[in-house]
>>> print(open('target_39.cif').read())   # mmCIF, C-alpha atoms and all ligand atoms
data_protein
#
loop_
_atom_site.label_atom_id
_atom_site.label_comp_id
_atom_site.auth_asym_id
_atom_site.auth_seq_id
_atom_site.Cartn_x
_atom_site.Cartn_y
_atom_site.Cartn_z
CA MET A 1 -10.63 40.49 -28.52
CA CYS A 2 -8.00 41.81 -26.15
CA ILE A 3 -8.65 39.23 -23.47
CA ARG A 4 -5.32 38.56 -21.72
CA ASP A 5 -3.65 35.69 -19.87
CA ARG A 6 -2.70 36.24 -16.25
CA THR A 7 -0.48 33.62 -14.61
CA ASN A 8 -0.37 32.80 -10.89
CA ASP A 9 3.09 34.36 -10.68
CA GLU A 10 1.72 37.62 -12.10
CA LEU A 11 -1.01 37.64 -9.44
CA ALA A 12 1.55 36.87 -6.75
CA ALA A 13 3.23 40.17 -7.59
CA GLN A 14 0.00 41.90 -6.58
CA VAL A 15 -1.54 39.66 -3.88
CA ASP A 16 0.00 37.78 -0.93
CA THR A 17 -0.11 34.37 -2.59
CA SER A 18 2.06 31.96 -4.58
CA ASP A 19 1.85 29.79 -7.68
CA GLU A 20 2.48 26.79 -5.43
CA TRP A 21 -0.50 27.52 -3.12
CA ILE A 22 -2.90 28.20 -6.00
CA VAL A 23 -1.89 25.10 -7.98
CA GLN A 24 -1.93 22.83 -4.93
CA ARG A 25 -5.31 24.00 -3.55
CA THR A 26 -7.17 24.64 -6.81
CA GLY A 27 -5.31 23.31 -9.88
CA ILE A 28 -5.47 26.80 -11.43
CA ARG A 29 -2.36 27.89 -13.39
CA LYS A 30 -3.70 30.91 -15.24
CA ARG A 31 -6.88 32.76 -16.14
CA HIS A 32 -7.97 35.29 -18.76
CA PHE A 33 -9.10 38.81 -18.01
CA ALA A 34 -11.13 40.93 -20.39
CA GLY A 35 -9.59 44.19 -21.60
CA LYS A 36 -10.52 47.43 -19.85
CA ASP A 37 -13.26 48.32 -22.33
CA GLU A 38 -14.42 44.78 -23.03
CA LYS A 39 -17.82 43.93 -21.67
CA THR A 40 -19.56 40.65 -20.91
CA SER A 41 -21.62 41.17 -24.09
CA ASP A 42 -18.43 41.43 -26.19
CA LEU A 43 -17.27 38.04 -24.92
CA ALA A 44 -20.78 36.61 -25.38
CA ILE A 45 -21.05 37.87 -28.97
CA HIS A 46 -17.67 36.33 -29.81
CA ALA A 47 -18.77 32.95 -28.38
CA ALA A 48 -22.21 33.19 -30.04
CA ARG A 49 -20.66 33.79 -33.48
CA ALA A 50 -18.33 30.82 -33.04
CA ALA A 51 -21.28 28.59 -32.02
CA LEU A 52 -23.34 29.75 -35.01
CA GLU A 53 -20.45 29.03 -37.37
CA SER A 54 -20.07 25.50 -35.95
CA ALA A 55 -23.81 24.92 -36.34
CA GLY A 56 -23.87 26.34 -39.89
CA LEU A 57 -26.55 28.86 -38.87
CA ARG A 58 -26.94 32.64 -39.06
CA GLY A 59 -28.18 35.04 -36.42
CA THR A 60 -31.47 35.34 -38.27
CA ASP A 61 -32.06 31.59 -37.82
CA ILE A 62 -32.07 31.98 -34.02
CA ASP A 63 -35.38 32.62 -32.26
CA LEU A 64 -34.23 32.38 -28.63
CA ILE A 65 -31.16 33.53 -26.72
CA VAL A 66 -30.75 32.54 -23.08
CA LEU A 67 -27.63 34.09 -21.61
CA ALA A 68 -26.36 33.06 -18.19
CA THR A 69 -24.40 35.71 -16.36
CA ALA A 70 -23.88 37.17 -12.91
CA THR A 71 -21.83 40.03 -14.35
CA PRO A 72 -24.11 41.78 -16.88
CA ASP A 73 -23.05 44.86 -18.87
CA GLN A 74 -25.69 46.95 -17.14
CA THR A 75 -28.37 46.47 -14.49
CA PHE A 76 -30.81 46.47 -17.41
CA PRO A 77 -31.54 45.70 -20.17
CA ALA A 78 -30.49 42.06 -20.33
CA THR A 79 -27.02 41.45 -21.79
CA ALA A 80 -28.72 38.89 -24.07
CA THR A 81 -30.43 41.75 -25.94
CA ARG A 82 -27.01 43.20 -26.83
CA VAL A 83 -26.10 39.84 -28.33
CA GLN A 84 -29.43 39.71 -30.14
CA ALA A 85 -28.80 43.09 -31.79
CA ALA A 86 -25.20 42.23 -32.70
CA LEU A 87 -26.32 39.03 -34.43
CA GLY A 88 -28.86 40.90 -36.52
CA MET A 89 -31.68 38.91 -34.95
CA GLU A 90 -34.85 40.98 -35.36
CA ASN A 91 -37.36 38.37 -34.19
CA GLY A 92 -37.53 36.01 -31.28
CA ILE A 93 -36.59 36.71 -27.68
CA ALA A 94 -33.45 37.19 -25.65
CA PHE A 95 -33.11 37.27 -21.89
CA ASP A 96 -30.61 36.61 -19.08
CA VAL A 97 -30.62 33.91 -16.44
CA GLN A 98 -28.82 34.41 -13.11
CA ALA A 99 -27.70 31.33 -11.22
CA VAL A 100 -24.00 32.26 -10.89
CA CYS A 101 -21.80 29.19 -11.57
CA SER A 102 -24.80 26.93 -12.32
CA GLY A 103 -26.06 29.52 -14.80
CA PHE A 104 -25.17 27.71 -18.01
CA ILE A 105 -26.99 24.51 -17.02
CA TYR A 106 -29.99 26.58 -15.87
CA ALA A 107 -29.95 28.38 -19.24
CA LEU A 108 -29.66 25.07 -21.08
CA ALA A 109 -32.68 23.71 -19.16
CA VAL A 110 -34.73 26.84 -19.92
CA ALA A 111 -33.87 26.73 -23.63
CA ASP A 112 -34.50 22.96 -23.79
CA ASN A 113 -37.97 23.47 -22.33
CA PHE A 114 -38.75 26.23 -24.85
CA VAL A 115 -37.67 23.91 -27.67
CA ARG A 116 -39.62 20.94 -26.27
CA VAL A 117 -42.93 22.85 -26.13
CA GLY A 118 -42.38 24.26 -29.63
CA GLN A 119 -41.78 27.87 -28.57
CA ALA A 120 -38.29 27.94 -30.11
CA LYS A 121 -36.63 26.16 -33.06
CA ASN A 122 -33.02 27.26 -32.78
CA ALA A 123 -31.83 28.49 -29.40
CA LEU A 124 -28.48 30.01 -28.49
CA VAL A 125 -27.42 29.20 -24.96
CA ILE A 126 -24.56 31.33 -23.69
CA GLY A 127 -22.54 31.54 -20.49
CA ALA A 128 -20.55 34.78 -20.26
CA GLU A 129 -18.81 36.49 -17.35
CA THR A 130 -16.38 39.24 -16.42
CA PHE A 131 -15.73 38.25 -12.81
CA SER A 132 -12.54 40.34 -12.88
CA ARG A 133 -14.85 43.35 -12.33
CA ILE A 134 -16.08 42.07 -8.95
CA LEU A 135 -12.84 40.77 -7.45
CA ASP A 136 -11.41 42.37 -4.33
CA TRP A 137 -7.63 42.47 -4.79
CA GLU A 138 -7.25 42.89 -1.03
CA ASP A 139 -8.81 39.44 -0.54
CA ARG A 140 -6.43 36.64 -1.51
CA THR A 141 -8.98 33.96 -0.62
CA THR A 142 -11.18 34.87 -3.61
CA SER A 143 -9.23 37.05 -6.06
CA VAL A 144 -6.96 34.24 -7.28
CA LEU A 145 -9.83 31.89 -8.12
CA PHE A 146 -11.71 33.54 -10.97
CA GLY A 147 -11.33 34.48 -14.63
CA ASP A 148 -13.34 35.99 -17.50
CA GLY A 149 -14.73 34.19 -20.54
CA ALA A 150 -17.71 33.08 -22.57
CA GLY A 151 -18.94 29.94 -24.29
CA ALA A 152 -22.05 29.09 -26.27
CA VAL A 153 -24.00 26.23 -27.81
CA VAL A 154 -26.88 26.06 -30.30
CA LEU A 155 -29.86 23.86 -29.46
CA SER A 156 -32.09 22.92 -32.40
CA ALA A 157 -35.46 21.19 -32.46
CA GLU A 158 -35.25 17.64 -33.78
CA ALA A 159 -37.71 14.75 -33.51
CA GLY A 160 -36.46 11.91 -31.31
CA GLU A 161 -37.59 8.49 -30.17
CA GLY A 162 -37.86 9.51 -26.54
CA THR A 163 -34.99 7.21 -25.55
CA SER A 164 -31.50 7.85 -24.18
CA ALA A 165 -30.16 7.17 -27.70
CA ASP A 166 -31.70 10.47 -28.91
CA HIS A 167 -29.41 13.40 -29.69
CA GLY A 168 -29.62 16.56 -27.63
CA VAL A 169 -30.55 17.26 -24.04
CA LEU A 170 -31.75 14.02 -22.40
CA THR A 171 -32.45 15.40 -18.94
CA THR A 172 -31.75 18.41 -16.72
CA HIS A 173 -31.95 18.74 -12.93
CA LEU A 174 -31.93 22.11 -11.19
CA HIS A 175 -31.84 22.95 -7.49
CA SER A 176 -31.43 25.95 -5.23
CA ASP A 177 -31.33 26.51 -1.48
CA GLY A 178 -31.39 30.17 -0.43
CA ARG A 179 -30.52 29.36 3.17
CA HIS A 180 -26.87 29.29 2.11
CA HIS A 181 -26.96 32.76 0.57
CA ASP A 182 -24.28 34.11 2.93
CA LEU A 183 -21.64 31.48 2.11
CA LEU A 184 -21.11 32.79 -1.41
CA TYR A 185 -22.34 36.20 -2.53
CA VAL A 186 -21.43 39.67 -3.76
CA ASP A 187 -21.53 42.36 -1.06
CA GLY A 188 -23.19 44.97 -3.24
CA GLY A 189 -26.22 45.44 -5.43
CA VAL A 190 -28.71 47.86 -6.93
CA SER A 191 -31.35 47.78 -4.22
CA SER A 192 -29.07 47.23 -1.22
CA THR A 193 -25.81 49.19 -1.42
CA ARG A 194 -26.33 50.76 -4.88
CA THR A 195 -22.82 49.58 -5.70
CA VAL A 196 -21.50 46.64 -7.70
CA GLY A 197 -19.73 44.98 -4.76
CA HIS A 198 -17.14 42.21 -4.49
CA VAL A 199 -17.22 38.41 -4.35
CA ARG A 200 -17.27 36.98 -0.82
CA MET A 201 -16.95 33.27 -0.17
CA ALA A 202 -16.57 30.90 2.75
CA GLY A 203 -14.46 28.62 0.56
CA ARG A 204 -14.13 25.64 2.88
CA GLU A 205 -17.90 25.52 3.54
CA VAL A 206 -18.73 25.88 -0.15
CA PHE A 207 -16.29 23.08 -0.95
CA LYS A 208 -18.03 20.68 1.48
CA HIS A 209 -21.50 21.45 0.11
CA ALA A 210 -20.29 21.20 -3.49
CA VAL A 211 -18.97 17.65 -3.16
CA VAL A 212 -22.25 16.39 -1.60
CA ARG A 213 -24.72 18.31 -3.79
CA LEU A 214 -22.92 17.57 -7.06
CA ALA A 215 -22.82 13.85 -6.28
CA GLU A 216 -26.60 13.91 -5.62
CA VAL A 217 -27.51 15.84 -8.75
CA VAL A 218 -25.37 13.61 -10.96
CA ASP A 219 -27.16 10.54 -9.55
CA GLU A 220 -30.50 12.18 -10.35
CA ALA A 221 -29.53 12.59 -13.99
CA LEU A 222 -28.42 8.98 -14.30
CA GLU A 223 -31.53 7.64 -12.55
CA ALA A 224 -33.85 9.75 -14.71
CA THR A 225 -32.40 8.26 -17.89
CA GLY A 226 -31.74 4.72 -16.66
CA LEU A 227 -28.10 5.19 -17.61
CA ASP A 228 -25.06 4.15 -15.66
CA ALA A 229 -21.86 6.05 -14.85
CA ALA A 230 -20.08 3.55 -17.13
CA ASP A 231 -22.15 4.89 -20.07
CA ILE A 232 -20.72 8.41 -19.70
CA ASP A 233 -18.20 9.31 -22.40
CA TRP A 234 -17.29 12.69 -20.93
CA LEU A 235 -17.81 14.46 -17.65
CA VAL A 236 -17.77 18.22 -18.24
CA PRO A 237 -17.90 19.69 -14.73
CA HIS A 238 -17.98 23.26 -13.52
CA GLN A 239 -14.34 24.32 -13.32
CA ALA A 240 -13.95 25.75 -9.81
CA ASN A 241 -11.41 23.49 -8.19
CA LYS A 242 -9.48 20.46 -9.42
CA ARG A 243 -9.98 18.75 -6.07
CA ILE A 244 -13.79 18.95 -6.41
CA ILE A 245 -13.55 17.62 -9.98
CA ASP A 246 -11.27 14.76 -8.89
CA ALA A 247 -13.75 13.89 -6.12
CA MET A 248 -16.59 13.72 -8.67
CA ALA A 249 -14.58 11.48 -11.00
CA LYS A 250 -13.80 9.18 -8.08
CA LYS A 251 -17.44 9.11 -6.97
CA LEU A 252 -18.51 8.09 -10.48
CA ASP A 253 -15.57 5.66 -10.77
CA LEU A 254 -14.71 7.50 -13.95
CA ASP A 255 -11.19 7.43 -15.40
CA ILE A 256 -9.82 10.97 -15.08
CA ALA A 257 -8.96 10.76 -18.78
CA ARG A 258 -12.72 11.00 -19.44
CA VAL A 259 -13.06 14.25 -17.49
CA VAL A 260 -12.68 17.54 -19.34
CA MET A 261 -10.49 19.69 -17.13
CA THR A 262 -9.81 23.32 -18.07
CA VAL A 263 -9.62 24.87 -14.60
CA ASP A 264 -5.82 25.04 -15.00
CA GLN A 265 -6.19 27.32 -18.05
CA HIS A 266 -9.35 29.32 -17.30
CA ALA A 267 -9.79 29.30 -13.47
CA ASN A 268 -13.40 29.65 -12.34
CA THR A 269 -15.33 31.57 -15.01
CA SER A 270 -18.69 30.97 -13.32
CA ALA A 271 -21.46 30.54 -15.94
CA ALA A 272 -18.87 30.42 -18.74
CA SER A 273 -16.94 27.50 -17.29
CA VAL A 274 -18.98 24.55 -18.62
CA PRO A 275 -19.43 25.91 -22.18
CA LEU A 276 -15.75 26.92 -22.34
CA ALA A 277 -14.74 23.39 -21.34
CA LEU A 278 -17.21 21.95 -23.88
CA ASP A 279 -15.73 24.14 -26.59
CA VAL A 280 -12.18 22.96 -25.85
CA ALA A 281 -13.17 19.28 -25.90
CA VAL A 282 -15.30 19.54 -29.06
CA ARG A 283 -12.62 21.46 -30.96
CA ASP A 284 -9.80 19.09 -29.98
CA GLY A 285 -11.93 16.14 -31.11
CA ARG A 286 -12.56 14.47 -27.75
CA ILE A 287 -16.35 15.01 -27.74
CA ARG A 288 -17.83 13.56 -30.93
CA PRO A 289 -21.37 13.02 -32.26
CA GLY A 290 -23.15 10.28 -30.31
CA HIS A 291 -21.10 10.74 -27.15
CA LEU A 292 -22.87 10.95 -23.81
CA VAL A 293 -21.83 14.11 -21.96
CA LEU A 294 -22.59 14.74 -18.30
CA MET A 295 -22.42 18.33 -17.07
CA GLU A 296 -22.68 19.52 -13.48
CA ALA A 297 -22.23 22.80 -11.62
CA MET A 298 -22.70 24.46 -8.26
CA GLY A 299 -22.75 28.15 -7.43
CA GLY A 300 -23.92 30.99 -5.21
CA GLY A 301 -27.45 30.80 -3.85
CA PHE A 302 -26.71 27.94 -3.46
CA THR A 303 -27.69 26.69 -6.87
CA TRP A 304 -26.67 23.35 -8.34
CA ALA A 305 -27.58 21.49 -11.49
CA SER A 306 -26.79 18.67 -13.89
CA ALA A 307 -27.54 17.88 -17.53
CA LEU A 308 -27.07 14.74 -19.57
CA VAL A 309 -26.63 15.42 -23.26
CA ARG A 310 -26.17 13.10 -26.22
CA TRP A 311 -23.87 15.09 -28.54
N1 LIG B 1 -2.63 32.25 -1.16
C1 LIG B 1 -1.99 31.73 -0.08
N2 LIG B 1 -2.64 31.33 1.03
C2 LIG B 1 -3.98 31.45 1.03
C3 LIG B 1 -4.69 31.96 -0.07
C4 LIG B 1 -3.97 32.38 -1.19
N3 LIG B 1 -4.55 32.88 -2.30
N4 LIG B 1 -6.02 31.95 0.23
C5 LIG B 1 -6.13 31.42 1.46
N5 LIG B 1 -4.90 31.12 1.95
C6 LIG B 1 -4.58 30.52 3.24
C7 LIG B 1 -5.65 30.77 4.27
O1 LIG B 1 -5.46 32.03 4.90
C8 LIG B 1 -5.43 29.61 5.22
O2 LIG B 1 -4.36 29.92 6.07
P1 LIG B 1 -4.42 29.51 7.64
O3 LIG B 1 -4.53 28.00 7.64
O4 LIG B 1 -3.14 30.05 8.16
O5 LIG B 1 -5.66 30.19 8.15
C9 LIG B 1 -4.98 28.47 4.31
O6 LIG B 1 -4.54 29.11 3.08
C10 LIG B 1 -6.06 27.47 4.01
O7 LIG B 1 -7.25 28.14 3.63
P2 LIG B 1 -8.58 27.35 3.27
O8 LIG B 1 -9.66 28.33 2.94
O9 LIG B 1 -8.87 26.33 4.31
O10 LIG B 1 -8.10 26.58 1.96
P3 LIG B 1 -8.83 25.45 1.16
O11 LIG B 1 -7.96 24.29 1.04
O12 LIG B 1 -10.24 25.24 1.64
O13 LIG B 1 -8.93 26.10 -0.29
C11 LIG B 1 -10.53 27.20 -1.75
C12 LIG B 1 -9.66 27.31 -0.49
C13 LIG B 1 -9.62 27.01 -2.94
C14 LIG B 1 -11.33 28.48 -1.89
C15 LIG B 1 -11.47 25.99 -1.62
O14 LIG B 1 -12.11 26.01 -0.39
C16 LIG B 1 -12.53 25.95 -2.71
O15 LIG B 1 -12.24 25.71 -3.85
N6 LIG B 1 -13.81 26.11 -2.35
C17 LIG B 1 -14.92 25.94 -3.28
C18 LIG B 1 -15.03 27.00 -4.31
C19 LIG B 1 -16.18 26.67 -5.23
O16 LIG B 1 -16.40 25.53 -5.59
N7 LIG B 1 -17.00 27.61 -5.58
C20 LIG B 1 -18.17 27.21 -6.38
C21 LIG B 1 -18.79 28.13 -7.11
S1 LIG B 1 -18.15 29.75 -7.19
C22 LIG B 1 -19.51 30.75 -7.64
O17 LIG B 1 -20.65 30.38 -7.59
C23 LIG B 1 -19.25 32.19 -7.97
#
>>> encode(input="target_39.cif", output="structure tokens")
Amino acid sequence: MCIRDRTNDELAAQVDTSDEWIVQRTGIRKRHFAGKDEKTSDLAIHAARAALESAGLRGTDIDLIVLATATPDQTFPATATRVQAALGMENGIAFDVQAVCSGFIYALAVADNFVRVGQAKNALVIGAETFSRILDWEDRTTSVLFGDGAGAVVLSAEAGEGTSADHGVLTTHLHSDGRHHDLLYVDGGVSSTRTVGHVRMAGREVFKHAVVRLAEVVDEALEATGLDAADIDWLVPHQANKRIIDAMAKKLDLDIARVVMTVDQHANTSAASVPLALDVAVRDGRIRPGHLVLMEAMGGGFTWASALVRW
């Protein structure tokens, strides 16, 4: 992969901004950008292979791929089908889900439901984005916030007791409210402008909604399982802004040491942000089997979602 680091200082050479402003307002220190010829599917395939290796499975063992992205390789077919072909998966199904920054949790919920009804045994859930392709370098209010990346998990069918001690996805909660479409969107598209467009965001407004909606959707997950914030081993939030993450930790009365924070390293990678953060915390040994992991995210639409998972 030729994915490259880009520090705040490097951006400041190009955009009217500073490392100080970006760190203070967002917590972001750097982000990664895909190489010129690298596509979302290339990042997704890389993440998918790493997830398969961790799970001790091969591509042929997978019967479902749900890939969350707002930055697909092409308008169609689904980027997930590229991943399917690359993994040598001849059976099963692969499709994309579009919920912008909430995309990974939406994809996880979709895959979980397929597994629960017996329509899939081993599902790959991927979040992959190349937001660098839709940034407007004339707009300092958005261009400094995003990065590229991909992360993936494997979800396998396993009999449980139906209690919160079971392994796997315990509960998912998805929401959307299209009335807020114009606060966070891309100003282009196939059937409107016939262009790809650029990210547009009313940052302050999005921030206010995010803090309220995320708090609500986290409560829903806890109520649905009869668990308490004190039971959470790790909060793995969408990595958009350190201030939003800090507010969530405070709301849950959770020690910040139990929050997985990668926004400083990755910036906002939209649907890739939660699985990238998961990957970091699993590989460095923080998240271990049996741990209770709470994920939450909010994105364009608006969409927002939470998932409680027993690792
Ligand atoms: N560098 C320097 N100054 C800047 C920059 C920049 N990159 N961007 C904006 N400013 C200036 C503004 O012009 C403004 O100046 P003014 O006061 O003279 O007008 C000042 O900084 C403050 O701007 P605000 O927009 O009020 O800054 P705020 O503290 O709200 O931070 C931010 C902006 C980081 C965007 C914040 O609002 C945020 O994180 N919002 C939520 C983003 C989010 O959660 N998105 C979720 C999902 S994303 C998805 O779905 C794709």
>>> residues_near_point(input="target_39.cif", point="(-25.7, 25.9, -17.4)", cutoff="8 Å", atoms="all atoms listed in the file", output="ChimeraX atom specification")
/A:68,101-109,127,271,274-275,297,305
>>> atom_distance(input="target_39.cif", atom1="CA of Ile244 (chain A)", atom2="atom C22 of ligand LIG 1 (chain B)")
13.2 Å
>>> axis_aligned_box(input="target_39.cif", around="ligand LIG 1 (chain B)", padding_each_side="8 Å", output="JSON")
{"center_x": -11.3, "center_y": 28.6, "center_z": 0.1, "size_x": 34.7, "size_y": 24.6, "size_z": 32.1}
>>> residues_near_point(input="target_39.cif", point="(-31.1, 41.9, -20.0)", cutoff="12 Å", atoms="all atoms listed in the file", output="list in words")
Thr40, Ser41, Ile65, Val66, Leu67, Ala68, Thr69, Ala70, Thr71, Pro72, Asp73, Gln74, Thr75, Phe76, Pro77, Ala78, Thr79, Ala80, Thr81, Arg82, Val83, Gln84, Ile93, Ala94, Phe95, Asp96, Val97 and Gln98 of chain A
>>> closest_residue(input="target_39.cif", among="A:Val169, A:Ala13, A:Ile287, A:Ala215", to="Asp253 (chain A)", atoms="all atoms listed in the file")
A:Ala215
>>> closest_residue(input="target_39.cif", among="A:Trp304, A:Tyr185, A:Phe207, A:Phe33", to="ligand LIG 1 (chain B)", atoms="all atoms listed in the file")
A:Phe207
>>> residues_around(input="target_39.cif", residues="Phe114 (chain A)", least_positions_apart="5", cutoff="10 Å", atoms="all atoms listed in the file", output="list of chain:residue names")
A:Leu64, A:Leu108, A:Ala109, A:Gln119, A:Ala120, A:Lys121, A:Asn122, A:Ala123, A:Ala157
>>> closest_residue(input="target_39.cif", among="A:His173, A:Asp16, A:Thr262, A:Leu43", to="Thr130 (chain A)", atoms="only C-alpha atoms")
A:Leu43
>>> closest_residue(input="target_39.cif", among="A:Leu308, A:Ala48, A:Met201, A:Ala257", to="Glu223 (chain A)", atoms="all atoms listed in the file")
A:Leu308
>>> closest_residue(input="target_39.cif", among="A:Ile134, A:Val309, A:Ala281, A:Ile256", to="ligand LIG 1 (chain B)", atoms="all atoms listed in the file")
A:Ile134
